[in-house]
Amino acid sequence: MERTLIIIKPDAVQRGLTGEILKRFEARGLRIIGMKFMQMSRELAEKHYAIHQGKDFYEGLVNYITSSPVVVIALEGTNAVAAARKTIGATRPQEAEAGTIRGDLALEVGRNLVHGSDTVENGQIEVANFFSDAELISWSRSADPWIFQ
Ligand code: IDP
Ligand code: MG
């Protein structure tokens, strides 16, 4: 089953949108296998955003993601990576469709509320970067047969 890492970013937590955002992934049918409230270290932020190192927004991005607590969530489901990205919407909120998290709740790329893994491979890697094996729970949800065919 695919895994994806969701980060409810500092702006979303500060704005009281944690529940609103989590609700959308739950309603989509994705199964939570790990979740925690944490202050991201600079070290972890630099690892997570290593691909963006050297870009003009990189320093601002690391400062933003470490500026206050986040909620990190590991989700599992069929097509979890693509489904979560669709639910999140385009990186630039002005390009995100209405009905998506960013299209409904955000205005600027530097304050776009949420992270979702971009490939199936990165979903596995990012979940492992943020959660130990002991923090991930393998369980069957009673609704699973009504969501996963
Ligand atoms: P994604 O979050 O939709 O996968 P990426 O291109 O991977 O988007 O960029 C990672 C994050 O970096 C974005 O979510 C956003 O917070 C920030 N970011 C990307 N491009 C810009 C920019 O041009 N200015 C400021 N921040 C940016
Ligand atoms: Mg990305």
# chains A, B, ... in the order shown; residues from 1 in each chain; ligands from 1

$ closest_atom_pairs --of "chain A" --to "ligand 2" --cutoff "9 Å" --atoms "only C-alpha atoms and all ligand atoms" --output "CSV"
residue,atom,partner,partner_atom_place_in_ligand_line,distance
A:Tyr49,CA,ligand 2,1 (Mg),8.0
A:Ile51,CA,ligand 2,1 (Mg),8.7
A:His52,CA,ligand 2,1 (Mg),8.8
A:Thr91,CA,ligand 2,1 (Mg),8.0
A:His115,CA,ligand 2,1 (Mg),7.0
A:Gly116,CA,ligand 2,1 (Mg),6.9
A:Ser117,CA,ligand 2,1 (Mg),6.4
A:Asp118,CA,ligand 2,1 (Mg),5.7

$ write_last_selection --atoms "all heavy atoms" --output "mmCIF file, in the first residue's frame"
data_model
loop_
_atom_site.group_PDB
_atom_site.id
_atom_site.type_symbol
_atom_site.label_atom_id
_atom_site.label_comp_id
_atom_site.auth_asym_id
_atom_site.auth_seq_id
_atom_site.Cartn_x
_atom_site.Cartn_y
_atom_site.Cartn_z
ATOM 1 N N TYR A 49 14.052 19.144 2.935
ATOM 2 C CA TYR A 49 14.022 20.048 1.778
ATOM 3 C C TYR A 49 15.361 20.102 1.033
ATOM 4 O O TYR A 49 15.638 21.081 0.324
ATOM 5 C CB TYR A 49 13.585 21.445 2.226
ATOM 6 C CG TYR A 49 12.088 21.567 2.450
ATOM 7 C CD1 TYR A 49 11.566 22.062 3.645
ATOM 8 C CD2 TYR A 49 11.172 21.198 1.451
ATOM 9 C CE1 TYR A 49 10.187 22.180 3.846
ATOM 10 C CE2 TYR A 49 9.793 21.309 1.648
ATOM 11 C CZ TYR A 49 9.310 21.801 2.837
ATOM 12 O OH TYR A 49 7.948 21.922 3.023
ATOM 13 N N ILE A 51 16.389 18.834 -1.615
ATOM 14 C CA ILE A 51 16.263 19.025 -3.070
ATOM 15 C C ILE A 51 16.177 20.504 -3.456
ATOM 16 O O ILE A 51 16.485 20.893 -4.585
ATOM 17 C CB ILE A 51 15.042 18.235 -3.608
ATOM 18 C CG1 ILE A 51 15.094 18.151 -5.126
ATOM 19 C CG2 ILE A 51 13.725 18.832 -3.133
ATOM 20 C CD1 ILE A 51 14.172 17.118 -5.722
ATOM 21 N N HIS A 52 15.763 21.351 -2.508
ATOM 22 C CA HIS A 52 15.603 22.785 -2.799
ATOM 23 C C HIS A 52 16.824 23.616 -2.391
ATOM 24 O O HIS A 52 16.824 24.841 -2.559
ATOM 25 C CB HIS A 52 14.351 23.330 -2.114
ATOM 26 C CG HIS A 52 13.091 22.705 -2.622
ATOM 27 N ND1 HIS A 52 12.696 22.778 -3.937
ATOM 28 C CD2 HIS A 52 12.128 21.970 -1.989
ATOM 29 C CE1 HIS A 52 11.550 22.119 -4.095
ATOM 30 N NE2 HIS A 52 11.200 21.615 -2.934
ATOM 31 N N THR A 91 1.146 23.982 -5.884
ATOM 32 C CA THR A 91 2.111 24.610 -4.964
ATOM 33 C C THR A 91 1.816 26.091 -4.732
ATOM 34 O O THR A 91 1.885 26.575 -3.602
ATOM 35 C CB THR A 91 3.545 24.446 -5.535
ATOM 36 O OG1 THR A 91 3.802 23.049 -5.698
ATOM 37 C CG2 THR A 91 4.581 25.065 -4.629
ATOM 38 N N HIS A 115 2.345 20.179 3.372
ATOM 39 C CA HIS A 115 3.267 19.422 2.517
ATOM 40 C C HIS A 115 2.681 18.042 2.247
ATOM 41 O O HIS A 115 2.083 17.437 3.132
ATOM 42 C CB HIS A 115 4.617 19.232 3.219
ATOM 43 C CG HIS A 115 5.492 18.203 2.534
ATOM 44 N ND1 HIS A 115 6.277 18.517 1.451
ATOM 45 C CD2 HIS A 115 5.651 16.862 2.746
ATOM 46 C CE1 HIS A 115 6.900 17.414 1.038
ATOM 47 N NE2 HIS A 115 6.535 16.398 1.804
ATOM 48 N N GLY A 116 2.877 17.557 1.034
ATOM 49 C CA GLY A 116 2.562 16.161 0.717
ATOM 50 C C GLY A 116 3.659 15.597 -0.174
ATOM 51 O O GLY A 116 4.143 16.293 -1.083
ATOM 52 N N SER A 117 4.066 14.375 0.067
ATOM 53 C CA SER A 117 5.127 13.742 -0.739
ATOM 54 C C SER A 117 4.751 13.786 -2.216
ATOM 55 O O SER A 117 3.580 13.672 -2.577
ATOM 56 C CB SER A 117 5.309 12.284 -0.311
ATOM 57 O OG SER A 117 5.545 12.195 1.072
ATOM 58 N N ASP A 118 5.790 13.922 -3.074
ATOM 59 C CA ASP A 118 5.495 14.107 -4.507
ATOM 60 C C ASP A 118 5.626 12.849 -5.355
ATOM 61 O O ASP A 118 5.158 12.842 -6.499
ATOM 62 C CB ASP A 118 6.350 15.245 -5.088
ATOM 63 C CG ASP A 118 7.845 14.975 -4.998
ATOM 64 O OD1 ASP A 118 8.249 13.989 -4.346
ATOM 65 O OD2 ASP A 118 8.612 15.760 -5.588
#

$ residues_near_ligand --ligand "ligand 1" --cutoff "9 Å" --atoms "only C-alpha atoms and all ligand atoms" --output "ChimeraX atom specification"
/A:9,49,51-52,55-58,60-62,64-65,85,88-92,108-118

$ residues_around --residues "Pro10 in chain A" --least-positions-apart "6" --cutoff "6 Å" --atoms "only C-alpha atoms" --output "VMD selection string"
chain A and resid 68 to 70

$ residues_around --residues "Leu44 in chain A" --least-positions-apart "6" --cutoff "10 Å" --atoms "only C-alpha atoms" --output "list of chain:residue names"
A:Ala50, A:Val62, A:Thr66, A:Asn129, A:Phe130

$ select_by_dssp --residues "range 33-142 of chain A" --states "helix (DSSP H, G or I)" --output "VMD selection string"
chain A and resid 42 to 48 50 to 52 58 to 65 80 to 88 93 to 95 101 to 105 109 to 111 120 to 130 133 to 135

$ residues_around --residues "Val120 in chain A" --least-positions-apart "4" --cutoff "8 Å" --atoms "only C-alpha atoms" --output "list in words"
Glu2, Arg3, Thr4, Val81 and Gln124 of chain A

$ write_last_selection --atoms "N, CA and C atoms" --output "PDB file, in the first residue's frame"
ATOM      1  N   GLU A   2       0.516   2.251  -0.791  1.00  0.00           N
ATOM      2  CA  GLU A   2       1.324   3.484  -0.838  1.00  0.00           C
ATOM      3  C   GLU A   2       1.282   4.256   0.483  1.00  0.00           C
ATOM      4  N   ARG A   3       2.386   4.945   0.750  1.00  0.00           N
ATOM      5  CA  ARG A   3       2.468   5.813   1.927  1.00  0.00           C
ATOM      6  C   ARG A   3       2.817   7.227   1.492  1.00  0.00           C
ATOM      7  N   THR A   4       2.296   8.190   2.214  1.00  0.00           N
ATOM      8  CA  THR A   4       2.667   9.588   1.942  1.00  0.00           C
ATOM      9  C   THR A   4       2.828  10.334   3.250  1.00  0.00           C
ATOM     10  N   VAL A  81      -0.248   8.866  -2.646  1.00  0.00           N
ATOM     11  CA  VAL A  81       0.578  10.036  -2.980  1.00  0.00           C
ATOM     12  C   VAL A  81      -0.177  10.985  -3.906  1.00  0.00           C
ATOM     13  N   GLN A 124       7.689   6.870   0.784  1.00  0.00           N
ATOM     14  CA  GLN A 124       8.335   5.879   1.665  1.00  0.00           C
ATOM     15  C   GLN A 124       9.500   6.512   2.427  1.00  0.00           C
TER      16      GLN A 124
END

$ atom_distance --atom1 "CA of Gln14 in chain A" --atom2 "CA of Ala106 in chain A"
13.2 Å

$ residues_around --residues "Trp139 in chain A" --least-positions-apart "5" --cutoff "12 Å" --atoms "only C-alpha atoms" --output "PDB file with all heavy atoms, in the first residue's frame"
ATOM      1  N   ARG A  31      -5.808   6.294   5.278  1.00  0.00           N
ATOM      2  CA  ARG A  31      -5.742   5.733   6.639  1.00  0.00           C
ATOM      3  C   ARG A  31      -4.526   6.289   7.371  1.00  0.00           C
ATOM      4  O   ARG A  31      -3.414   6.223   6.863  1.00  0.00           O
ATOM      5  CB  ARG A  31      -5.653   4.209   6.532  1.00  0.00           C
ATOM      6  CG  ARG A  31      -5.598   3.479   7.855  1.00  0.00           C
ATOM      7  CD  ARG A  31      -5.747   1.970   7.664  1.00  0.00           C
ATOM      8  NE  ARG A  31      -4.671   1.428   6.848  1.00  0.00           N
ATOM      9  CZ  ARG A  31      -4.733   0.264   6.198  1.00  0.00           C
ATOM     10  NH1 ARG A  31      -5.828  -0.475   6.269  1.00  0.00           N
ATOM     11  NH2 ARG A  31      -3.718  -0.162   5.485  1.00  0.00           N
ATOM     12  N   ILE A  32      -4.754   6.840   8.553  1.00  0.00           N
ATOM     13  CA  ILE A  32      -3.655   7.369   9.367  1.00  0.00           C
ATOM     14  C   ILE A  32      -2.882   6.196   9.959  1.00  0.00           C
ATOM     15  O   ILE A  32      -3.465   5.308  10.582  1.00  0.00           O
ATOM     16  CB  ILE A  32      -4.200   8.247  10.517  1.00  0.00           C
ATOM     17  CG1 ILE A  32      -4.960   9.459   9.969  1.00  0.00           C
ATOM     18  CG2 ILE A  32      -3.053   8.694  11.433  1.00  0.00           C
ATOM     19  CD1 ILE A  32      -5.808  10.169  11.024  1.00  0.00           C
ATOM     20  N   ILE A  33      -1.547   6.206   9.755  1.00  0.00           N
ATOM     21  CA  ILE A  33      -0.717   5.169  10.396  1.00  0.00           C
ATOM     22  C   ILE A  33       0.305   5.779  11.356  1.00  0.00           C
ATOM     23  O   ILE A  33       0.981   5.076  12.087  1.00  0.00           O
ATOM     24  CB  ILE A  33      -0.015   4.256   9.361  1.00  0.00           C
ATOM     25  CG1 ILE A  33       0.848   5.069   8.395  1.00  0.00           C
ATOM     26  CG2 ILE A  33      -1.044   3.406   8.620  1.00  0.00           C
ATOM     27  CD1 ILE A  33       1.800   4.199   7.567  1.00  0.00           C
ATOM     28  N   GLY A  34       0.398   7.114  11.355  1.00  0.00           N
ATOM     29  CA  GLY A  34       1.288   7.792  12.295  1.00  0.00           C
ATOM     30  C   GLY A  34       0.942   9.260  12.352  1.00  0.00           C
ATOM     31  O   GLY A  34       0.529   9.837  11.340  1.00  0.00           O
ATOM     32  N   LEU A  75       0.224   8.726   6.081  1.00  0.00           N
ATOM     33  CA  LEU A  75      -1.038   8.194   5.566  1.00  0.00           C
ATOM     34  C   LEU A  75      -0.761   7.034   4.631  1.00  0.00           C
ATOM     35  O   LEU A  75       0.262   7.009   3.932  1.00  0.00           O
ATOM     36  CB  LEU A  75      -1.793   9.275   4.785  1.00  0.00           C
ATOM     37  CG  LEU A  75      -2.262  10.496   5.549  1.00  0.00           C
ATOM     38  CD1 LEU A  75      -2.892  11.506   4.587  1.00  0.00           C
ATOM     39  CD2 LEU A  75      -3.256  10.113   6.644  1.00  0.00           C
ATOM     40  N   GLU A  76      -1.713   6.130   4.578  1.00  0.00           N
ATOM     41  CA  GLU A  76      -1.592   4.957   3.730  1.00  0.00           C
ATOM     42  C   GLU A  76      -2.874   4.824   2.924  1.00  0.00           C
ATOM     43  O   GLU A  76      -3.957   5.158   3.400  1.00  0.00           O
ATOM     44  CB  GLU A  76      -1.448   3.748   4.668  1.00  0.00           C
ATOM     45  CG  GLU A  76      -0.750   2.565   4.105  1.00  0.00           C
ATOM     46  CD  GLU A  76      -0.442   1.550   5.203  1.00  0.00           C
ATOM     47  OE1 GLU A  76      -1.369   1.121   5.906  1.00  0.00           O
ATOM     48  OE2 GLU A  76       0.734   1.211   5.351  1.00  0.00           O
ATOM     49  N   ASP A 144     -12.273   0.095   5.989  1.00  0.00           N
ATOM     50  CA  ASP A 144     -11.372  -0.219   4.865  1.00  0.00           C
ATOM     51  C   ASP A 144     -12.064  -0.896   3.681  1.00  0.00           C
ATOM     52  O   ASP A 144     -11.865  -0.481   2.539  1.00  0.00           O
ATOM     53  CB  ASP A 144     -10.178  -1.064   5.332  1.00  0.00           C
ATOM     54  CG  ASP A 144      -9.103  -0.217   6.014  1.00  0.00           C
ATOM     55  OD1 ASP A 144      -9.149   1.028   5.893  1.00  0.00           O
ATOM     56  OD2 ASP A 144      -8.221  -0.803   6.666  1.00  0.00           O
TER      57      ASP A 144
END

$ closest_residue --among "A:Glu121, A:Leu105, A:Lys47, A:Ala74" --to "Asp133 in chain A" --atoms "only C-alpha atoms"
A:Ala74

$ residues_around --residues "Gly99 in chain A" --least-positions-apart "4" --cutoff "9 Å" --atoms "only C-alpha atoms" --output "list in words"
Thr87, Gly89, Gly103 and Asp104 of chain A

$ closest_residue --among "A:Ala82, A:Leu30, A:Leu22, A:Val72" --to "Thr119 in chain A" --atoms "only C-alpha atoms"
A:Ala82

$ atom_distance --atom1 "CA of Pro93 in chain A" --atom2 "CA of Ile7 in chain A"
16.4 Å

$ closest_residue --among "A:Gly123, A:Gly29, A:Gly54, A:Gly19" --to "Gly77 in chain A" --atoms "only C-alpha atoms"
A:Gly29

$ select_by_dssp --residues "chain A" --states "strand (DSSP E)" --output "VMD selection string"
chain A and resid 2 to 8 31 to 38 70 to 77 114 to 116

$ write_last_selection --atoms "N, CA, C and O atoms" --output "JSON list (two decimals), in the first residue's frame"
[["chain", "number", "residue", "atom", "x", "y", "z"],
["A", 2, "GLU", "N", 0.52, 2.25, -0.79],
["A", 2, "GLU", "CA", 1.32, 3.48, -0.84],
["A", 2, "GLU", "C", 1.28, 4.26, 0.48],
["A", 2, "GLU", "O", 0.27, 4.26, 1.18],
["A", 3, "ARG", "N", 2.39, 4.94, 0.75],
["A", 3, "ARG", "CA", 2.47, 5.81, 1.93],
["A", 3, "ARG", "C", 2.82, 7.23, 1.49],
["A", 3, "ARG", "O", 3.59, 7.41, 0.55],
["A", 4, "THR", "N", 2.30, 8.19, 2.21],
["A", 4, "THR", "CA", 2.67, 9.59, 1.94],
["A", 4, "THR", "C", 2.83, 10.33, 3.25],
["A", 4, "THR", "O", 2.15, 10.03, 4.25],
["A", 5, "LEU", "N", 3.76, 11.29, 3.24],
["A", 5, "LEU", "CA", 3.97, 12.12, 4.43],
["A", 5, "LEU", "C", 3.27, 13.45, 4.24],
["A", 5, "LEU", "O", 3.51, 14.16, 3.26],
["A", 6, "ILE", "N", 2.43, 13.78, 5.18],
["A", 6, "ILE", "CA", 1.76, 15.08, 5.22],
["A", 6, "ILE", "C", 2.36, 15.90, 6.36],
["A", 6, "ILE", "O", 2.55, 15.37, 7.46],
["A", 7, "ILE", "N", 2.65, 17.16, 6.09],
["A", 7, "ILE", "CA", 3.05, 18.07, 7.17],
["A", 7, "ILE", "C", 2.06, 19.22, 7.18],
["A", 7, "ILE", "O", 1.88, 19.91, 6.17],
["A", 8, "ILE", "N", 1.39, 19.38, 8.30],
["A", 8, "ILE", "CA", 0.55, 20.56, 8.51],
["A", 8, "ILE", "C", 1.52, 21.63, 9.03],
["A", 8, "ILE", "O", 2.06, 21.52, 10.13],
["A", 31, "ARG", "N", -5.81, 6.29, 5.28],
["A", 31, "ARG", "CA", -5.74, 5.73, 6.64],
["A", 31, "ARG", "C", -4.53, 6.29, 7.37],
["A", 31, "ARG", "O", -3.41, 6.22, 6.86],
["A", 32, "ILE", "N", -4.75, 6.84, 8.55],
["A", 32, "ILE", "CA", -3.66, 7.37, 9.37],
["A", 32, "ILE", "C", -2.88, 6.20, 9.96],
["A", 32, "ILE", "O", -3.46, 5.31, 10.58],
["A", 33, "ILE", "N", -1.55, 6.21, 9.75],
["A", 33, "ILE", "CA", -0.72, 5.17, 10.40],
["A", 33, "ILE", "C", 0.31, 5.78, 11.36],
["A", 33, "ILE", "O", 0.98, 5.08, 12.09],
["A", 34, "GLY", "N", 0.40, 7.11, 11.35],
["A", 34, "GLY", "CA", 1.29, 7.79, 12.30],
["A", 34, "GLY", "C", 0.94, 9.26, 12.35],
["A", 34, "GLY", "O", 0.53, 9.84, 11.34],
["A", 35, "MET", "N", 1.06, 9.85, 13.54],
["A", 35, "MET", "CA", 0.75, 11.29, 13.66],
["A", 35, "MET", "C", 1.43, 11.84, 14.91],
["A", 35, "MET", "O", 1.38, 11.23, 15.97],
["A", 36, "LYS", "N", 2.06, 13.00, 14.76],
["A", 36, "LYS", "CA", 2.61, 13.65, 15.95],
["A", 36, "LYS", "C", 2.74, 15.17, 15.77],
["A", 36, "LYS", "O", 2.90, 15.66, 14.65],
["A", 37, "PHE", "N", 2.68, 15.84, 16.92],
["A", 37, "PHE", "CA", 2.87, 17.28, 17.00],
["A", 37, "PHE", "C", 4.33, 17.49, 17.35],
["A", 37, "PHE", "O", 4.81, 16.90, 18.33],
["A", 38, "MET", "N", 5.05, 18.26, 16.58],
["A", 38, "MET", "CA", 6.48, 18.38, 16.83],
["A", 38, "MET", "C", 7.04, 19.73, 16.39],
["A", 38, "MET", "O", 6.45, 20.42, 15.57],
["A", 70, "VAL", "N", 4.65, 21.93, 14.05],
["A", 70, "VAL", "CA", 3.93, 21.35, 12.92],
["A", 70, "VAL", "C", 3.25, 20.06, 13.39],
["A", 70, "VAL", "O", 3.58, 19.53, 14.44],
["A", 71, "VAL", "N", 2.31, 19.58, 12.58],
["A", 71, "VAL", "CA", 1.74, 18.24, 12.80],
["A", 71, "VAL", "C", 2.15, 17.39, 11.61],
["A", 71, "VAL", "O", 1.91, 17.78, 10.46],
["A", 72, "VAL", "N", 2.82, 16.28, 11.88],
["A", 72, "VAL", "CA", 3.22, 15.39, 10.79],
["A", 72, "VAL", "C", 2.36, 14.13, 10.83],
["A", 72, "VAL", "O", 2.07, 13.60, 11.91],
["A", 73, "ILE", "N", 1.94, 13.72, 9.66],
["A", 73, "ILE", "CA", 1.00, 12.61, 9.55],
["A", 73, "ILE", "C", 1.48, 11.66, 8.46],
["A", 73, "ILE", "O", 1.81, 12.09, 7.35],
["A", 74, "ALA", "N", 1.52, 10.38, 8.78],
["A", 74, "ALA", "CA", 1.80, 9.36, 7.77],
["A", 74, "ALA", "C", 0.47, 8.72, 7.38],
["A", 74, "ALA", "O", -0.31, 8.31, 8.23],
["A", 75, "LEU", "N", 0.22, 8.73, 6.08],
["A", 75, "LEU", "CA", -1.04, 8.19, 5.57],
["A", 75, "LEU", "C", -0.76, 7.03, 4.63],
["A", 75, "LEU", "O", 0.26, 7.01, 3.93],
["A", 76, "GLU", "N", -1.71, 6.13, 4.58],
["A", 76, "GLU", "CA", -1.59, 4.96, 3.73],
["A", 76, "GLU", "C", -2.87, 4.82, 2.92],
["A", 76, "GLU", "O", -3.96, 5.16, 3.40],
["A", 77, "GLY", "N", -2.75, 4.30, 1.71],
["A", 77, "GLY", "CA", -3.95, 4.07, 0.90],
["A", 77, "GLY", "C", -3.59, 3.78, -0.53],
["A", 77, "GLY", "O", -2.45, 4.00, -0.95],
["A", 114, "VAL", "N", 0.56, 23.26, 3.79],
["A", 114, "VAL", "CA", 0.67, 21.81, 3.91],
["A", 114, "VAL", "C", 1.69, 21.24, 2.94],
["A", 114, "VAL", "O", 1.90, 21.79, 1.85],
["A", 115, "HIS", "N", 2.35, 20.18, 3.37],
["A", 115, "HIS", "CA", 3.27, 19.42, 2.52],
["A", 115, "HIS", "C", 2.68, 18.04, 2.25],
["A", 115, "HIS", "O", 2.08, 17.44, 3.13],
["A", 116, "GLY", "N", 2.88, 17.56, 1.03],
["A", 116, "GLY", "CA", 2.56, 16.16, 0.72],
["A", 116, "GLY", "C", 3.66, 15.60, -0.17],
["A", 116, "GLY", "O", 4.14, 16.29, -1.08]]

$ atom_distance --atom1 "CA of Thr100 in chain A" --atom2 "CA of Gly16 in chain A"
17.3 Å

$ closest_residue --among "A:Ile125, A:Ala27, A:Met1, A:Asp11" --to "Ser138 in chain A" --atoms "only C-alpha atoms"
A:Met1

$ decode --residues "range 18-27 of chain A" --atoms "all heavy atoms" --output "PDB file, in the first residue's frame"
ATOM      1  N   THR A  18      -5.533  22.994  11.712  1.00  0.00           N
ATOM      2  CA  THR A  18      -5.095  21.592  11.796  1.00  0.00           C
ATOM      3  C   THR A  18      -6.273  20.635  11.561  1.00  0.00           C
ATOM      4  O   THR A  18      -6.182  19.719  10.734  1.00  0.00           O
ATOM      5  CB  THR A  18      -4.459  21.315  13.182  1.00  0.00           C
ATOM      6  OG1 THR A  18      -3.326  22.164  13.322  1.00  0.00           O
ATOM      7  CG2 THR A  18      -4.012  19.866  13.305  1.00  0.00           C
ATOM      8  N   GLY A  19      -7.352  20.840  12.263  1.00  0.00           N
ATOM      9  CA  GLY A  19      -8.512  19.951  12.146  1.00  0.00           C
ATOM     10  C   GLY A  19      -9.129  20.009  10.760  1.00  0.00           C
ATOM     11  O   GLY A  19      -9.474  18.976  10.170  1.00  0.00           O
ATOM     12  N   GLU A  20      -9.267  21.208  10.227  1.00  0.00           N
ATOM     13  CA  GLU A  20      -9.845  21.406   8.894  1.00  0.00           C
ATOM     14  C   GLU A  20      -9.049  20.643   7.833  1.00  0.00           C
ATOM     15  O   GLU A  20      -9.618  20.026   6.928  1.00  0.00           O
ATOM     16  CB  GLU A  20      -9.860  22.912   8.578  1.00  0.00           C
ATOM     17  CG  GLU A  20     -10.202  23.283   7.154  1.00  0.00           C
ATOM     18  CD  GLU A  20     -11.635  22.942   6.756  1.00  0.00           C
ATOM     19  OE1 GLU A  20     -12.524  23.054   7.619  1.00  0.00           O
ATOM     20  OE2 GLU A  20     -11.844  22.533   5.589  1.00  0.00           O
ATOM     21  N   ILE A  21      -7.728  20.690   7.959  1.00  0.00           N
ATOM     22  CA  ILE A  21      -6.863  20.026   6.973  1.00  0.00           C
ATOM     23  C   ILE A  21      -6.880  18.517   7.165  1.00  0.00           C
ATOM     24  O   ILE A  21      -7.061  17.762   6.202  1.00  0.00           O
ATOM     25  CB  ILE A  21      -5.440  20.621   7.042  1.00  0.00           C
ATOM     26  CG1 ILE A  21      -5.485  22.066   6.516  1.00  0.00           C
ATOM     27  CG2 ILE A  21      -4.440  19.772   6.261  1.00  0.00           C
ATOM     28  CD1 ILE A  21      -4.218  22.870   6.738  1.00  0.00           C
ATOM     29  N   LEU A  22      -6.735  18.066   8.398  1.00  0.00           N
ATOM     30  CA  LEU A  22      -6.763  16.622   8.675  1.00  0.00           C
ATOM     31  C   LEU A  22      -8.084  15.999   8.207  1.00  0.00           C
ATOM     32  O   LEU A  22      -8.109  14.908   7.626  1.00  0.00           O
ATOM     33  CB  LEU A  22      -6.558  16.381  10.178  1.00  0.00           C
ATOM     34  CG  LEU A  22      -6.626  14.928  10.647  1.00  0.00           C
ATOM     35  CD1 LEU A  22      -5.594  14.066   9.945  1.00  0.00           C
ATOM     36  CD2 LEU A  22      -6.447  14.865  12.163  1.00  0.00           C
ATOM     37  N   LYS A  23      -9.162  16.716   8.437  1.00  0.00           N
ATOM     38  CA  LYS A  23     -10.502  16.255   8.061  1.00  0.00           C
ATOM     39  C   LYS A  23     -10.583  15.894   6.578  1.00  0.00           C
ATOM     40  O   LYS A  23     -11.218  14.918   6.191  1.00  0.00           O
ATOM     41  CB  LYS A  23     -11.492  17.394   8.384  1.00  0.00           C
ATOM     42  CG  LYS A  23     -12.927  17.127   8.039  1.00  0.00           C
ATOM     43  CD  LYS A  23     -13.805  18.308   8.436  1.00  0.00           C
ATOM     44  CE  LYS A  23     -13.849  19.351   7.322  1.00  0.00           C
ATOM     45  NZ  LYS A  23     -14.891  20.387   7.574  1.00  0.00           N
ATOM     46  N   ARG A  24      -9.913  16.683   5.761  1.00  0.00           N
ATOM     47  CA  ARG A  24     -10.002  16.462   4.306  1.00  0.00           C
ATOM     48  C   ARG A  24      -9.291  15.180   3.887  1.00  0.00           C
ATOM     49  O   ARG A  24      -9.740  14.487   2.978  1.00  0.00           O
ATOM     50  CB  ARG A  24      -9.441  17.669   3.562  1.00  0.00           C
ATOM     51  CG  ARG A  24     -10.332  18.900   3.763  1.00  0.00           C
ATOM     52  CD  ARG A  24      -9.723  20.130   3.126  1.00  0.00           C
ATOM     53  NE  ARG A  24     -10.582  21.292   3.343  1.00  0.00           N
ATOM     54  CZ  ARG A  24     -10.878  22.192   2.406  1.00  0.00           C
ATOM     55  NH1 ARG A  24     -10.386  22.075   1.188  1.00  0.00           N
ATOM     56  NH2 ARG A  24     -11.653  23.212   2.686  1.00  0.00           N
ATOM     57  N   PHE A  25      -8.163  14.876   4.533  1.00  0.00           N
ATOM     58  CA  PHE A  25      -7.465  13.623   4.202  1.00  0.00           C
ATOM     59  C   PHE A  25      -8.238  12.414   4.737  1.00  0.00           C
ATOM     60  O   PHE A  25      -8.321  11.379   4.083  1.00  0.00           O
ATOM     61  CB  PHE A  25      -6.042  13.636   4.766  1.00  0.00           C
ATOM     62  CG  PHE A  25      -5.154  14.673   4.134  1.00  0.00           C
ATOM     63  CD1 PHE A  25      -4.685  15.750   4.862  1.00  0.00           C
ATOM     64  CD2 PHE A  25      -4.809  14.579   2.792  1.00  0.00           C
ATOM     65  CE1 PHE A  25      -3.866  16.710   4.279  1.00  0.00           C
ATOM     66  CE2 PHE A  25      -4.000  15.540   2.186  1.00  0.00           C
ATOM     67  CZ  PHE A  25      -3.528  16.607   2.940  1.00  0.00           C
ATOM     68  N   GLU A  26      -8.789  12.555   5.917  1.00  0.00           N
ATOM     69  CA  GLU A  26      -9.602  11.471   6.491  1.00  0.00           C
ATOM     70  C   GLU A  26     -10.816  11.201   5.612  1.00  0.00           C
ATOM     71  O   GLU A  26     -11.133  10.056   5.297  1.00  0.00           O
ATOM     72  CB  GLU A  26     -10.100  11.871   7.888  1.00  0.00           C
ATOM     73  CG  GLU A  26      -9.381  11.220   9.021  1.00  0.00           C
ATOM     74  CD  GLU A  26     -10.139  11.377  10.320  1.00  0.00           C
ATOM     75  OE1 GLU A  26     -10.632  12.482  10.625  1.00  0.00           O
ATOM     76  OE2 GLU A  26     -10.228  10.375  11.065  1.00  0.00           O
ATOM     77  N   ALA A  27     -11.474  12.279   5.209  1.00  0.00           N
ATOM     78  CA  ALA A  27     -12.682  12.128   4.384  1.00  0.00           C
ATOM     79  C   ALA A  27     -12.344  11.517   3.028  1.00  0.00           C
ATOM     80  O   ALA A  27     -13.155  10.802   2.430  1.00  0.00           O
ATOM     81  CB  ALA A  27     -13.366  13.484   4.218  1.00  0.00           C
TER      82      ALA A  27
END
